[in-house]
$ cat model-v5.txt   # compact mmCIF, C-alpha atoms and all ligand atoms
# COMPACT_ATOMS: atom_id res chain seq x y z
CA MET A 1 -92.91 429.14 244.13
CA GLN A 2 -93.40 430.19 247.75
CA GLU A 3 -91.76 426.98 249.01
CA GLU A 4 -88.62 427.57 247.00
CA ARG A 5 -88.51 431.15 248.33
CA TYR A 6 -88.67 429.96 251.94
CA LEU A 7 -85.84 427.54 251.37
CA GLU A 8 -83.81 430.18 249.57
CA TYR A 9 -84.23 432.71 252.37
CA ASP A 10 -83.49 430.08 254.99
CA ARG A 11 -80.24 429.09 253.27
CA SER A 12 -78.94 432.66 253.31
CA PHE A 13 -80.12 434.09 256.60
CA ILE A 14 -81.05 431.48 259.18
CA TRP A 15 -78.66 429.41 261.22
CA HIS A 16 -79.55 425.80 261.86
CA PRO A 17 -78.17 423.76 264.77
CA TYR A 18 -74.43 423.19 264.46
CA ALA A 19 -74.48 424.32 260.86
CA SER A 20 -72.59 426.66 258.60
CA LEU A 21 -74.27 429.60 256.89
CA LYS A 22 -71.64 429.50 254.18
CA SER A 23 -72.21 425.93 253.09
CA PRO A 24 -75.55 425.19 254.73
CA PRO A 25 -76.54 421.55 254.94
CA ARG A 26 -79.70 420.58 253.12
CA VAL A 27 -82.87 421.27 255.08
CA ARG A 28 -86.36 420.06 254.22
CA LEU A 29 -89.41 422.30 254.35
CA ALA A 30 -91.96 420.75 256.71
CA ARG A 31 -95.65 421.54 256.69
CA SER A 32 -97.12 419.55 259.54
CA ALA A 33 -96.49 416.60 261.80
CA SER A 34 -98.74 414.09 263.47
CA GLY A 35 -98.19 410.75 265.15
CA VAL A 36 -94.85 409.31 264.13
CA GLU A 37 -94.77 411.23 260.85
CA ILE A 38 -93.57 414.57 259.52
CA GLU A 39 -95.29 415.88 256.41
CA LEU A 40 -93.13 417.85 253.98
CA ALA A 41 -94.29 420.80 251.91
CA ASP A 42 -94.26 418.61 248.80
CA GLY A 43 -96.64 416.16 250.47
CA ARG A 44 -94.10 413.41 251.17
CA ARG A 45 -94.04 411.91 254.65
CA LEU A 46 -91.11 410.89 256.80
CA VAL A 47 -91.18 408.68 259.88
CA ASP A 48 -89.52 410.68 262.67
CA ALA A 49 -86.99 408.08 263.83
CA VAL A 50 -85.35 410.51 266.25
CA SER A 51 -88.54 411.87 267.89
CA SER A 52 -87.39 415.36 266.92
CA TRP A 53 -84.33 415.11 269.12
CA TRP A 54 -85.84 412.61 271.52
CA CYS A 55 -88.70 414.66 272.84
CA VAL A 56 -91.81 413.64 270.89
CA ALA A 57 -92.48 410.63 273.10
CA HIS A 58 -96.22 410.30 272.40
CA GLY A 59 -95.95 411.25 268.73
CA HIS A 60 -96.34 414.66 267.10
CA ASN A 61 -99.40 416.84 267.81
CA HIS A 62 -100.95 414.44 270.26
CA PRO A 63 -104.64 415.42 270.51
CA ALA A 64 -104.66 415.47 274.34
CA ILE A 65 -101.63 417.77 274.52
CA VAL A 66 -102.85 420.03 271.72
CA GLU A 67 -106.19 420.31 273.49
CA ALA A 68 -104.52 421.18 276.81
CA ILE A 69 -102.50 423.94 275.12
CA ARG A 70 -105.59 425.23 273.30
CA ARG A 71 -107.68 425.34 276.48
CA GLN A 72 -104.95 427.11 278.41
CA SER A 73 -104.34 429.56 275.54
CA GLU A 74 -107.91 430.81 275.85
CA ARG A 75 -107.32 431.77 279.48
CA MET A 76 -103.71 432.93 279.74
CA CYS A 77 -100.74 432.32 277.48
CA HIS A 78 -98.14 433.85 279.69
CA LEU A 79 -97.68 435.59 283.00
CA MET A 80 -94.53 436.51 284.89
CA PHE A 81 -93.82 434.00 287.65
CA GLY A 82 -92.42 436.70 289.93
CA GLY A 83 -95.34 437.66 292.14
CA PHE A 84 -97.82 435.22 290.59
CA THR A 85 -98.61 431.57 290.45
CA HIS A 86 -101.24 429.70 288.44
CA GLU A 87 -103.05 426.42 288.13
CA PRO A 88 -100.88 424.95 285.34
CA ALA A 89 -97.69 425.46 287.40
CA VAL A 90 -99.11 423.95 290.60
CA GLU A 91 -100.78 421.07 288.79
CA LEU A 92 -97.50 420.25 287.04
CA ALA A 93 -95.38 420.57 290.20
CA GLN A 94 -97.68 418.06 291.93
CA ARG A 95 -97.50 415.65 289.03
CA LEU A 96 -93.71 415.93 288.85
CA ALA A 97 -93.39 415.25 292.58
CA ALA A 98 -95.55 412.15 292.18
CA PHE A 99 -93.49 410.99 289.18
CA ALA A 100 -90.05 411.72 290.60
CA PRO A 101 -88.08 409.36 292.78
CA GLY A 102 -88.75 409.69 296.51
CA GLY A 103 -88.12 413.05 298.08
CA LEU A 104 -87.45 415.13 294.99
CA ASP A 105 -90.50 417.34 295.37
CA ARG A 106 -89.05 420.87 295.29
CA VAL A 107 -89.24 422.20 291.75
CA PHE A 108 -87.68 424.97 289.70
CA PHE A 109 -89.25 425.45 286.25
CA ALA A 110 -86.74 426.30 283.53
CA ASP A 111 -87.33 427.18 279.91
CA SER A 112 -84.94 424.65 278.38
CA GLY A 113 -82.83 421.66 279.33
CA SER A 114 -79.61 423.66 279.37
CA ILE A 115 -81.10 426.16 281.79
CA SER A 116 -82.28 423.40 284.11
CA VAL A 117 -78.69 422.09 284.25
CA GLU A 118 -77.35 425.58 284.97
CA VAL A 119 -79.91 425.82 287.75
CA ALA A 120 -78.88 422.43 289.16
CA ALA A 121 -75.23 423.50 289.28
CA LYS A 122 -76.10 426.83 290.89
CA MET A 123 -78.25 425.03 293.47
CA ALA A 124 -75.33 422.77 294.38
CA ILE A 125 -72.95 425.70 294.74
CA GLN A 126 -75.44 427.76 296.73
CA TYR A 127 -76.14 424.72 298.95
CA HIS A 128 -72.48 424.44 299.97
CA ALA A 129 -72.14 428.22 300.39
CA ALA A 130 -75.09 428.08 302.78
CA LEU A 131 -73.28 425.36 304.75
CA GLY A 132 -70.26 427.63 305.07
CA HIS A 133 -68.26 426.01 302.27
CA PRO A 134 -68.01 428.57 299.48
CA GLU A 135 -64.82 426.82 298.34
CA ARG A 136 -66.89 423.89 297.11
CA ARG A 137 -67.66 425.21 293.65
CA ARG A 138 -66.27 422.69 291.20
CA ILE A 139 -68.49 420.15 289.49
CA LEU A 140 -67.31 416.68 288.61
CA ALA A 141 -68.71 415.39 285.31
CA LEU A 142 -67.98 412.42 283.05
CA LYS A 143 -66.06 412.27 279.80
CA GLY A 144 -68.41 411.31 277.01
CA GLY A 145 -71.15 413.38 278.64
CA TYR A 146 -73.34 416.17 277.31
CA HIS A 147 -75.38 418.62 279.35
CA GLY A 148 -76.34 421.43 276.97
CA ASP A 149 -74.95 424.36 275.03
CA THR A 150 -74.96 427.32 277.43
CA SER A 151 -71.60 428.23 278.96
CA LEU A 152 -71.86 426.33 282.21
CA CYS A 153 -73.34 423.32 280.42
CA MET A 154 -70.52 423.41 277.88
CA ALA A 155 -68.08 423.47 280.77
CA LEU A 156 -69.68 420.28 282.10
CA SER A 157 -69.81 418.45 278.78
CA ASP A 158 -66.84 416.40 277.60
CA PRO A 159 -63.99 418.94 277.21
CA ASP A 160 -62.61 417.05 274.22
CA GLY A 161 -65.99 416.98 272.54
CA MET A 162 -67.96 419.47 270.52
CA HIS A 163 -67.14 422.55 272.61
CA THR A 164 -63.34 422.53 272.34
CA LEU A 165 -63.43 425.91 270.55
CA PHE A 166 -64.66 427.56 273.75
CA LYS A 167 -62.36 425.73 276.13
CA GLY A 168 -60.46 428.82 277.29
CA LEU A 169 -63.67 430.63 278.20
CA MET A 170 -64.87 428.05 280.62
CA THR A 171 -63.95 427.44 284.21
CA SER A 172 -62.40 424.09 284.52
CA HIS A 173 -64.40 421.44 286.20
CA LEU A 174 -63.31 417.86 286.83
CA PHE A 175 -63.85 414.96 284.47
CA ALA A 176 -63.80 411.29 285.30
CA ASP A 177 -63.14 408.74 282.57
CA LYS A 178 -66.08 407.71 280.46
CA PRO A 179 -67.78 404.72 282.12
CA THR A 180 -66.75 401.80 279.95
CA CYS A 181 -68.43 398.86 281.66
CA PRO A 182 -71.36 398.20 279.31
CA PHE A 183 -74.97 397.91 280.37
CA GLY A 184 -75.81 394.23 280.68
CA ASP A 185 -72.24 393.04 281.26
CA GLU A 186 -70.80 391.91 284.55
CA TRP A 187 -69.77 394.86 286.74
CA ASP A 188 -66.10 395.78 286.52
CA PRO A 189 -64.99 397.70 289.64
CA GLY A 190 -62.17 399.29 287.63
CA CYS A 191 -64.83 401.23 285.75
CA ALA A 192 -65.35 403.70 288.63
CA ARG A 193 -61.69 404.01 289.64
CA SER A 194 -61.07 407.35 287.95
CA LEU A 195 -64.21 408.76 289.59
CA GLU A 196 -63.04 407.48 292.96
CA ASN A 197 -59.54 408.92 292.53
CA LEU A 198 -60.82 412.36 291.58
CA ILE A 199 -63.18 412.48 294.53
CA ASP A 200 -60.40 411.32 296.84
CA GLU A 201 -58.12 414.04 295.60
CA HIS A 202 -60.55 416.96 295.16
CA GLY A 203 -63.46 416.02 297.44
CA ARG A 204 -63.34 419.26 299.40
CA GLU A 205 -63.60 421.44 296.28
CA ILE A 206 -66.48 419.52 294.73
CA ALA A 207 -70.00 420.93 294.97
CA ALA A 208 -71.65 418.20 292.93
CA VAL A 209 -71.13 415.21 290.70
CA ILE A 210 -73.28 415.23 287.57
CA CYS A 211 -73.98 412.56 284.99
CA GLU A 212 -76.48 411.34 282.46
CA PRO A 213 -77.58 408.13 284.21
CA VAL A 214 -76.98 404.91 282.21
CA LEU A 215 -77.32 406.56 278.78
CA GLN A 216 -74.67 409.06 277.68
CA ALA A 217 -76.61 410.32 274.71
CA ALA A 218 -75.61 413.35 272.62
CA ASN A 219 -71.89 412.84 272.97
CA ALA A 220 -71.20 409.12 273.06
CA MET A 221 -74.36 407.02 272.70
CA ASN A 222 -72.87 404.98 275.53
CA PHE A 223 -75.01 402.60 277.61
CA TYR A 224 -73.12 401.94 280.83
CA HIS A 225 -73.54 399.73 283.86
CA PRO A 226 -76.13 400.98 286.41
CA ARG A 227 -73.84 399.88 289.24
CA TYR A 228 -71.72 402.90 288.33
CA LEU A 229 -74.51 405.13 289.66
CA ARG A 230 -74.52 403.29 292.99
CA GLU A 231 -70.77 403.82 293.30
CA MET A 232 -71.32 407.47 292.49
CA ARG A 233 -74.01 407.74 295.20
CA ARG A 234 -71.69 406.14 297.77
CA LEU A 235 -68.75 408.39 296.87
CA CYS A 236 -70.95 411.50 297.05
CA ASP A 237 -72.30 410.48 300.46
CA GLU A 238 -68.78 409.90 301.76
CA SER A 239 -67.40 413.18 300.45
CA GLY A 240 -70.38 415.46 301.02
CA ALA A 241 -70.80 416.31 297.32
CA LEU A 242 -74.34 416.48 295.96
CA LEU A 243 -75.37 414.06 293.25
CA VAL A 244 -77.12 415.42 290.14
CA PHE A 245 -78.76 413.15 287.58
CA ASP A 246 -79.43 414.76 284.22
CA GLU A 247 -82.45 412.74 283.05
CA ILE A 248 -83.24 415.14 280.19
CA ALA A 249 -82.52 412.56 277.48
CA ALA A 250 -82.86 409.26 279.33
CA GLY A 251 -85.82 410.02 281.58
CA LEU A 252 -89.50 409.35 280.95
CA HIS A 253 -89.05 405.79 279.70
CA ARG A 254 -86.50 406.33 276.94
CA THR A 255 -84.34 403.52 278.36
CA GLY A 256 -87.29 401.45 279.63
CA PRO A 257 -88.17 402.33 283.23
CA ARG A 258 -89.54 405.79 284.03
CA TRP A 259 -86.11 407.12 284.98
CA ALA A 260 -82.77 405.73 283.85
CA GLN A 261 -81.65 405.78 287.51
CA ASP A 262 -84.36 403.16 288.22
CA HIS A 263 -82.01 400.59 286.61
CA ALA A 264 -79.78 401.18 289.65
CA SER A 265 -82.41 401.87 292.33
CA THR A 266 -80.41 404.94 293.22
CA THR A 267 -81.66 408.49 293.62
CA PRO A 268 -79.86 411.82 293.35
CA ASP A 269 -80.17 415.02 295.39
CA ILE A 270 -81.03 417.07 292.31
CA MET A 271 -82.44 415.94 289.00
CA THR A 272 -83.13 417.62 285.68
CA VAL A 273 -86.01 416.74 283.34
CA GLY A 274 -86.69 418.16 279.90
CA LYS A 275 -87.12 416.99 276.31
CA ALA A 276 -90.10 414.57 276.60
CA LEU A 277 -91.57 416.50 279.55
CA THR A 278 -94.11 418.26 277.33
CA GLY A 279 -94.11 415.33 274.94
CA GLY A 280 -92.01 417.59 272.75
CA HIS A 281 -94.83 420.08 272.21
CA MET A 282 -93.38 423.15 273.97
CA THR A 283 -90.01 424.03 275.43
CA LEU A 284 -89.92 423.34 279.17
CA ALA A 285 -87.59 421.72 281.67
CA ALA A 286 -87.50 421.36 285.43
CA THR A 287 -84.89 421.01 288.13
CA LEU A 288 -86.12 418.90 291.04
CA ALA A 289 -84.41 418.99 294.41
CA SER A 290 -84.74 417.23 297.74
CA ALA A 291 -86.09 418.98 300.82
CA ARG A 292 -82.58 418.87 302.32
CA VAL A 293 -81.11 420.80 299.38
CA ALA A 294 -83.99 423.28 299.31
CA ASP A 295 -84.02 423.83 303.08
CA THR A 296 -80.27 424.32 303.24
CA ILE A 297 -80.38 426.92 300.48
CA SER A 298 -83.32 428.63 302.20
CA ASN A 299 -81.41 428.81 305.50
CA GLY A 300 -78.38 430.40 303.87
CA ARG A 301 -77.55 433.93 302.82
CA PRO A 302 -79.08 434.91 300.51
CA SER A 303 -82.05 432.77 301.37
CA ALA A 304 -83.41 433.29 297.87
CA PHE A 305 -82.33 430.96 295.09
CA MET A 306 -80.74 433.28 292.57
CA HIS A 307 -82.31 432.46 289.21
CA GLY A 308 -85.52 433.51 287.45
CA PRO A 309 -86.01 433.44 283.69
CA THR A 310 -88.62 435.59 281.93
CA PHE A 311 -90.62 432.61 280.74
CA MET A 312 -90.37 430.63 283.96
CA ALA A 313 -93.32 428.23 284.36
CA ASN A 314 -94.96 429.41 281.15
CA PRO A 315 -98.61 428.35 281.53
CA LEU A 316 -98.95 426.89 278.02
CA ALA A 317 -95.84 424.77 278.50
CA CYS A 318 -96.96 423.66 281.98
CA ALA A 319 -100.37 422.66 280.64
CA ALA A 320 -98.68 420.69 277.85
CA ALA A 321 -96.41 418.95 280.36
CA SER A 322 -99.27 417.96 282.67
CA ALA A 323 -101.12 416.47 279.72
CA SER A 324 -97.92 414.65 278.70
CA LEU A 325 -97.38 413.24 282.21
CA ASP A 326 -101.03 412.12 282.28
CA LEU A 327 -100.37 410.17 279.07
CA PHE A 328 -97.26 408.60 280.63
CA ALA A 329 -99.35 407.62 283.66
CA ALA A 330 -102.23 406.23 281.63
CA SER A 331 -100.42 403.41 279.85
CA ASP A 332 -97.45 401.15 280.26
CA TYR A 333 -94.61 403.06 278.55
CA ALA A 334 -92.00 400.78 280.11
CA ALA A 335 -93.60 397.93 278.18
CA ASN A 336 -93.63 400.05 275.00
CA ALA A 337 -89.91 400.70 275.37
CA ARG A 338 -89.19 397.00 276.00
CA ARG A 339 -91.16 396.00 272.91
CA ILE A 340 -89.32 398.56 270.76
CA GLU A 341 -86.01 397.25 272.12
CA GLY A 342 -86.95 393.72 271.10
CA TRP A 343 -88.07 394.74 267.61
CA PHE A 344 -84.88 396.72 267.04
CA ALA A 345 -82.64 393.99 268.44
CA SER A 346 -84.13 391.28 266.22
CA ARG A 347 -83.67 393.41 263.10
CA LEU A 348 -80.38 395.21 263.72
CA MET A 349 -78.02 392.73 265.43
CA GLN A 350 -77.19 391.09 262.09
CA LEU A 351 -75.64 394.40 260.95
CA LYS A 352 -72.68 393.56 263.21
CA ASP A 353 -71.26 391.53 260.34
CA LEU A 354 -71.01 394.51 257.98
CA PRO A 355 -67.44 395.67 257.36
CA ASN A 356 -68.13 399.30 258.33
CA VAL A 357 -69.97 398.41 261.55
CA VAL A 358 -68.14 398.46 264.90
CA ASP A 359 -71.03 397.72 267.25
CA VAL A 360 -74.81 397.44 267.45
CA ARG A 361 -76.56 398.10 270.75
CA THR A 362 -80.10 398.65 271.95
CA LEU A 363 -81.52 399.76 275.28
CA GLY A 364 -85.19 400.54 275.69
CA ALA A 365 -86.29 402.71 272.78
CA VAL A 366 -82.73 403.53 271.74
CA ALA A 367 -80.92 401.71 268.94
CA VAL A 368 -77.35 402.53 267.94
CA VAL A 369 -75.28 401.26 265.05
CA GLU A 370 -71.74 402.49 265.53
CA VAL A 371 -69.80 402.67 262.26
CA ARG A 372 -66.11 403.14 261.51
CA ARG A 373 -66.91 406.06 259.24
CA MET A 374 -70.21 407.68 258.39
CA PRO A 375 -71.49 407.30 254.81
CA SER A 376 -71.53 410.52 252.76
CA GLN A 377 -74.14 413.25 253.26
CA SER A 378 -75.61 412.40 249.88
CA ASP A 379 -75.99 408.74 250.85
CA ILE A 380 -77.67 409.79 254.10
CA SER A 381 -80.06 412.05 252.17
CA ASP A 382 -80.72 409.31 249.68
CA VAL A 383 -81.61 406.77 252.38
CA ILE A 384 -83.97 409.26 254.06
CA ASP A 385 -85.80 409.90 250.80
CA ALA A 386 -85.82 406.31 249.61
CA HIS A 387 -87.23 404.88 252.86
CA GLY A 388 -89.27 407.88 253.98
CA VAL A 389 -87.49 407.71 257.33
CA TRP A 390 -85.93 410.74 259.01
CA LEU A 391 -82.54 409.85 260.47
CA ARG A 392 -80.01 412.28 261.89
CA PRO A 393 -76.76 410.38 262.40
CA PHE A 394 -73.83 412.12 264.09
CA CYS A 395 -70.16 411.33 264.66
CA ASN A 396 -69.96 407.58 264.14
CA PHE A 397 -73.48 406.85 265.27
CA ILE A 398 -76.42 405.85 263.12
CA TYR A 399 -79.20 405.69 265.68
CA SER A 400 -82.89 405.85 266.32
CA MET A 401 -84.89 407.08 269.33
CA PRO A 402 -88.38 406.74 267.90
CA PRO A 403 -91.59 407.95 269.54
CA LEU A 404 -92.44 405.56 272.40
CA VAL A 405 -95.77 404.83 270.74
CA SER A 406 -94.18 403.45 267.54
CA ASP A 407 -95.65 400.16 266.31
CA GLU A 408 -93.76 397.19 264.89
CA ARG A 409 -94.25 398.29 261.29
CA THR A 410 -92.74 401.71 262.05
CA ILE A 411 -89.75 400.12 263.78
CA ASP A 412 -89.39 397.78 260.82
CA ARG A 413 -89.20 400.71 258.40
CA ILE A 414 -86.67 402.50 260.59
CA ALA A 415 -84.54 399.35 260.90
CA CYS A 416 -84.58 398.88 257.11
CA ALA A 417 -83.40 402.46 256.59
CA ILE A 418 -80.66 402.04 259.21
CA GLY A 419 -79.59 398.76 257.61
CA ASP A 420 -79.42 400.40 254.19
CA LEU A 421 -77.37 403.32 255.53
CA ALA A 422 -74.97 401.09 257.45
CA SER A 423 -74.36 399.10 254.25
CA ARG A 424 -73.35 402.15 252.22
CA PRO A 425 -69.65 402.78 251.73
CA PRO A 426 -67.98 405.06 254.27
CA ASP A 427 -67.39 408.63 253.17
CA VAL A 428 -63.91 409.42 251.93
CA ALA A 429 -64.11 413.20 252.36
CA PRO A 430 -62.80 414.64 255.63
CA MET A 431 -65.46 414.98 258.30
CA ASP A 432 -67.03 418.41 258.54
CA SER A 433 -68.37 420.01 261.67
CA ASP A 434 -71.49 417.88 261.95
CA PHE A 435 -70.48 416.73 265.38
CA HIS A 436 -73.70 416.94 267.28
CA GLU A 437 -76.88 414.85 267.05
C1 LIG B 501 -80.59 417.87 275.21
C2 LIG B 501 -79.91 417.74 276.51
C3 LIG B 501 -79.66 418.88 277.31
C4 LIG B 501 -79.96 420.28 276.85
O1 LIG B 501 -81.31 420.52 276.68
P1 LIG B 501 -81.79 421.75 275.75
O2 LIG B 501 -83.28 421.74 275.90
O3 LIG B 501 -81.32 421.45 274.37
O4 LIG B 501 -81.16 422.98 276.29
C5 LIG B 501 -79.08 418.69 278.54
N1 LIG B 501 -78.75 417.45 278.99
C6 LIG B 501 -78.99 416.35 278.25
C7 LIG B 501 -78.64 415.01 278.81
C8 LIG B 501 -79.56 416.45 276.98
O5 LIG B 501 -79.76 415.36 276.23

$ encode --input "model-v5.txt" --output "C-alpha cells"
Amino acid sequence: MQEERYLEYDRSFIWHPYASLKSPPRVRLARSASGVEIELADGRRLVDAVSSWWCVAHGHNHPAIVEAIRRQSERMCHLMFGGFTHEPAVELAQRLAAFAPGGLDRVFFADSGSISVEVAAKMAIQYHAALGHPERRRILALKGGYHGDTSLCMALSDPDGMHTLFKGLMTSHLFADKPTCPFGDEWDPGCARSLENLIDEHGREIAAVICEPVLQAANAMNFYHPRYLREMRRLCDESGALLVFDEIAAGLHRTGPRWAQDHASTTPDIMTVGKALTGGHMTLAATLASARVADTISNGRPSAFMHGPTFMANPLACAAASASLDLFAASDYAANARRIEGWFASRLMQLKDLPNVVDVRTLGAVAVVEVRRMPSQSDISDVIDAHGVWLRPFCNFIYSMPPLVSDERTIDRIACAIGDLASRPPDVAPMDSDFHE
C-alpha cells in the first residue's frame, strides 16, 4: 500500500523535529486539514489541540487565507527583495504597523521565527555600535526561555535546557533567574532581583534584554507576572540597553490581548512576531523596531542593516499574513481567548487532585497540566487515538494551545483527552530526548 510505503521511507530517511532516526517516534500520515481538524490517510480525524505548534490561530486552511495565497500565486510566487518591492510586502508592513504597539513601525521580514530573533539581536548590537559602543554586544535573556534553534537563538535560550549539547559553541550571554512570580498573584519584588543585579553588574556590556513576555512557552510553560516586564523596561531605560519582546508564541491573542505585553502596558524597542502571523499557513516572521532604533542604525557605519535572506518578504507568505491580520481585526479574538480560558479552567482545575499532577494553569487560550512524570509514549498514543485529539506533551507538560476559533465542544474534547492522559500512570522508563514541544 502506498501509505505504508510513505511511512516506511519516512522512518528510514527523514528526520522529524527533535527525533532520532535510529528509533524514530511514531508519526501519523496526514492527508488534509481544515478548521480545527487534521484528517489522516486512513480517514480518521484528530482535533489539533496544539494548533500545529501554536500557529494555526484561525484553524487549518482558512478559506480567506487560502484564497489570498491562490490569488497571489497567479501573479507572482516569489521575487528577490533586493532591488524590488511589491504590494503584498507593503500591505503587510502597513497592517503590522497598525497592529503593533505604538512606534514599532519599521519592519524587517524574516523567513522564520528564529531568523527574526537573530535579526533582533543583530539590530541591537548594530544600534550600539552606531552609537560608538561596540563593546555592548551581550544579550541578557531569562532562564526558562526559548527563542529558536539557530545558533544565536540557542545561545539566548535557557543554557540548561534543550541545547546543552552545543553549549561550548555558543558565545555566552547573560541569564537572569526564571521569573517565578505567577501571573495573577500579588507582585513579589524579589522576582526581578536577579535581573536587576545582572544589569547593575554588566550594564555597560549589554546590548539588549530579551524575553518572551508573560508566557515562557517552549521551555517552561511558565505564566509570570506582567509587572516583571515593567521592571525590565525601567532597568533597560536606566542602563541604556534595548528591550526586545519575543511575541512569536504569545502574540496575536494567544494569552488574551493582542500582545502579551499588553498585560503590562509596556512596549519594547524591538519586537518579533511569527507563528500565527500567517495563521500558520506559510512560514513568515517579522522583526519590528522603533524609529529611534532604525534611525540610529541608519546613521551608523555601515548605514545598511546587515541581513537579507533569500526568501525575504516572500509574496505568498505576505499575502497570507495580511489575510490573517484582517481576520484578527475582523472579530474579537481577545474574547475568544477569554472564553477558551474559562472553558478549560472549569474542566481542568479538578485534575489538581490527581496524584501525578503538580499544577494546572490556564491563561488565554493556553492550558497546562504539569505532571510529576509523563505517562508512557504508548499511553500518549493511546489517548490520542481513543479521543481523536492530537496532543504533543513535552517535558512534564501536558498542554493545549488550540486554534483561537475553537468552540466549547472542541475544548471539551481536548479537556477530556488531557484528563485521561493525566490520570494514566507515570512512565517508569528513563526519559528519552523528547525535550521540546
Ligand atoms: C517558536 C518560537 C521561536 C522560533 O520560531 P521558528 O519559526 O520555529 O524558528 C522563537 N521564539 C519563540 C518564543 C517561539 O515560541

$ residues_near_ligand --input "model-v5.txt" --ligand "ligand LIG 501 (chain B)" --cutoff "6 Å" --atoms "only C-alpha atoms and all ligand atoms" --output "VMD selection string"
chain A and resid 112 to 114 146 to 148 212 218 246 248 to 249

$ residues_around --input "model-v5.txt" --residues "Leu284 (chain A)" --least-positions-apart "3" --cutoff "9 Å" --atoms "all atoms listed in the file" --output "list in words"
Phe109, Ala110, Asp111, Ser112, Gly113, Val273, Gly274, Lys275, Leu277, Thr278, Gly280, Met312, Ala313, Asn314, Ala317, Cys318 and Ala321 of chain A

$ residues_around --input "model-v5.txt" --residues "region 255-270 of chain A" --least-positions-apart "2" --cutoff "9 Å" --atoms "all atoms listed in the file" --output "MDAnalysis selection string"
chainID A and resid 99:104 120 123:124 212:215 225:230 233 242:247 250:253 272 287:293 328 333:338 341 363:366

$ atom_distance --input "model-v5.txt" --atom1 "CA of Ala276 (chain A)" --atom2 "CA of His62 (chain A)"
12.6 Å

$ residues_around --input "model-v5.txt" --residues "Ala33 (chain A)" --least-positions-apart "4" --cutoff "8 Å" --atoms "all atoms listed in the file" --output "list of chain:residue names"
A:Glu37, A:Ile38, A:Glu39, A:His60, A:Asn61

$ residues_around --input "model-v5.txt" --residues "Glu67 (chain A)" --least-positions-apart "3" --cutoff "12 Å" --atoms "all atoms listed in the file" --output "MDAnalysis selection string"
chainID A and resid 61:64 70:74 281 316 319:320 322:324

$ atom_distance --input "model-v5.txt" --atom1 "CA of Ser32 (chain A)" --atom2 "CA of Pro403 (chain A)"
16.3 Å

$ residues_around --input "model-v5.txt" --residues "Pro402 (chain A)" --least-positions-apart "4" --cutoff "10 Å" --atoms "only C-alpha atoms" --output "mmCIF file with C-alpha atoms, in the coordinates of the input"
data_model
loop_
_atom_site.group_PDB
_atom_site.id
_atom_site.type_symbol
_atom_site.label_atom_id
_atom_site.label_comp_id
_atom_site.auth_asym_id
_atom_site.auth_seq_id
_atom_site.Cartn_x
_atom_site.Cartn_y
_atom_site.Cartn_z
ATOM 1 C CA VAL A 36 -94.850 409.310 264.130
ATOM 2 C CA VAL A 47 -91.180 408.680 259.880
ATOM 3 C CA ASP A 48 -89.520 410.680 262.670
ATOM 4 C CA ALA A 49 -86.990 408.080 263.830
ATOM 5 C CA VAL A 50 -85.350 410.510 266.250
ATOM 6 C CA SER A 51 -88.540 411.870 267.890
ATOM 7 C CA SER A 52 -87.390 415.360 266.920
ATOM 8 C CA TRP A 53 -84.330 415.110 269.120
ATOM 9 C CA TRP A 54 -85.840 412.610 271.520
ATOM 10 C CA CYS A 55 -88.700 414.660 272.840
ATOM 11 C CA VAL A 56 -91.810 413.640 270.890
ATOM 12 C CA ALA A 57 -92.480 410.630 273.100
ATOM 13 C CA HIS A 58 -96.220 410.300 272.400
ATOM 14 C CA GLY A 59 -95.950 411.250 268.730
ATOM 15 C CA ARG A 254 -86.500 406.330 276.940
ATOM 16 C CA ALA A 337 -89.910 400.700 275.370
ATOM 17 C CA ILE A 340 -89.320 398.560 270.760
ATOM 18 C CA ALA A 365 -86.290 402.710 272.780
ATOM 19 C CA VAL A 366 -82.730 403.530 271.740
ATOM 20 C CA ALA A 367 -80.920 401.710 268.940
ATOM 21 C CA LEU A 391 -82.540 409.850 260.470
ATOM 22 C CA SER A 406 -94.180 403.450 267.540
ATOM 23 C CA ASP A 407 -95.650 400.160 266.310
ATOM 24 C CA THR A 410 -92.740 401.710 262.050
ATOM 25 C CA ILE A 411 -89.750 400.120 263.780
ATOM 26 C CA ILE A 414 -86.670 402.500 260.590
#

$ closest_residue --input "model-v5.txt" --among "A:Gly203, A:Gly308, A:Gly43, A:Gly144" --to "Gln216 (chain A)" --atoms "all atoms listed in the file"
A:Gly144

$ closest_residue --input "model-v5.txt" --among "A:Thr362, A:Ser239, A:Thr283, A:Asn299" --to "Phe223 (chain A)" --atoms "all atoms listed in the file"
A:Thr362

$ atom_distance --input "model-v5.txt" --atom1 "CA of Ala329 (chain A)" --atom2 "CA of Ala93 (chain A)"
15.0 Å

$ closest_residue --input "model-v5.txt" --among "A:Trp187, A:Pro25, A:Arg11, A:Ile139" --to "Ser378 (chain A)" --atoms "all atoms listed in the file"
A:Pro25

$ axis_aligned_box --input "model-v5.txt" --around "region 151-162 of chain A" --padding-each-side "6 Å" --output "AutoDock Vina command-line options"
--center_x -68.0 --center_y 422.3 --center_z 276.4 --size_x 22.7 --size_y 23.8 --size_z 23.7

$ closest_residue --input "model-v5.txt" --among "A:His163, A:Lys122, A:Arg31, A:Arg106" --to "Ala286 (chain A)" --atoms "all atoms listed in the file"
A:Arg106

$ closest_residue --input "model-v5.txt" --among "A:Leu404, A:Ala220, A:Ala192, A:Ala285" --to "Phe311 (chain A)" --atoms "all atoms listed in the file"
A:Ala285

$ closest_residue --input "model-v5.txt" --among "A:Leu92, A:Phe397, A:Val360, A:Cys191" --to "Phe108 (chain A)" --atoms "only C-alpha atoms"
A:Leu92
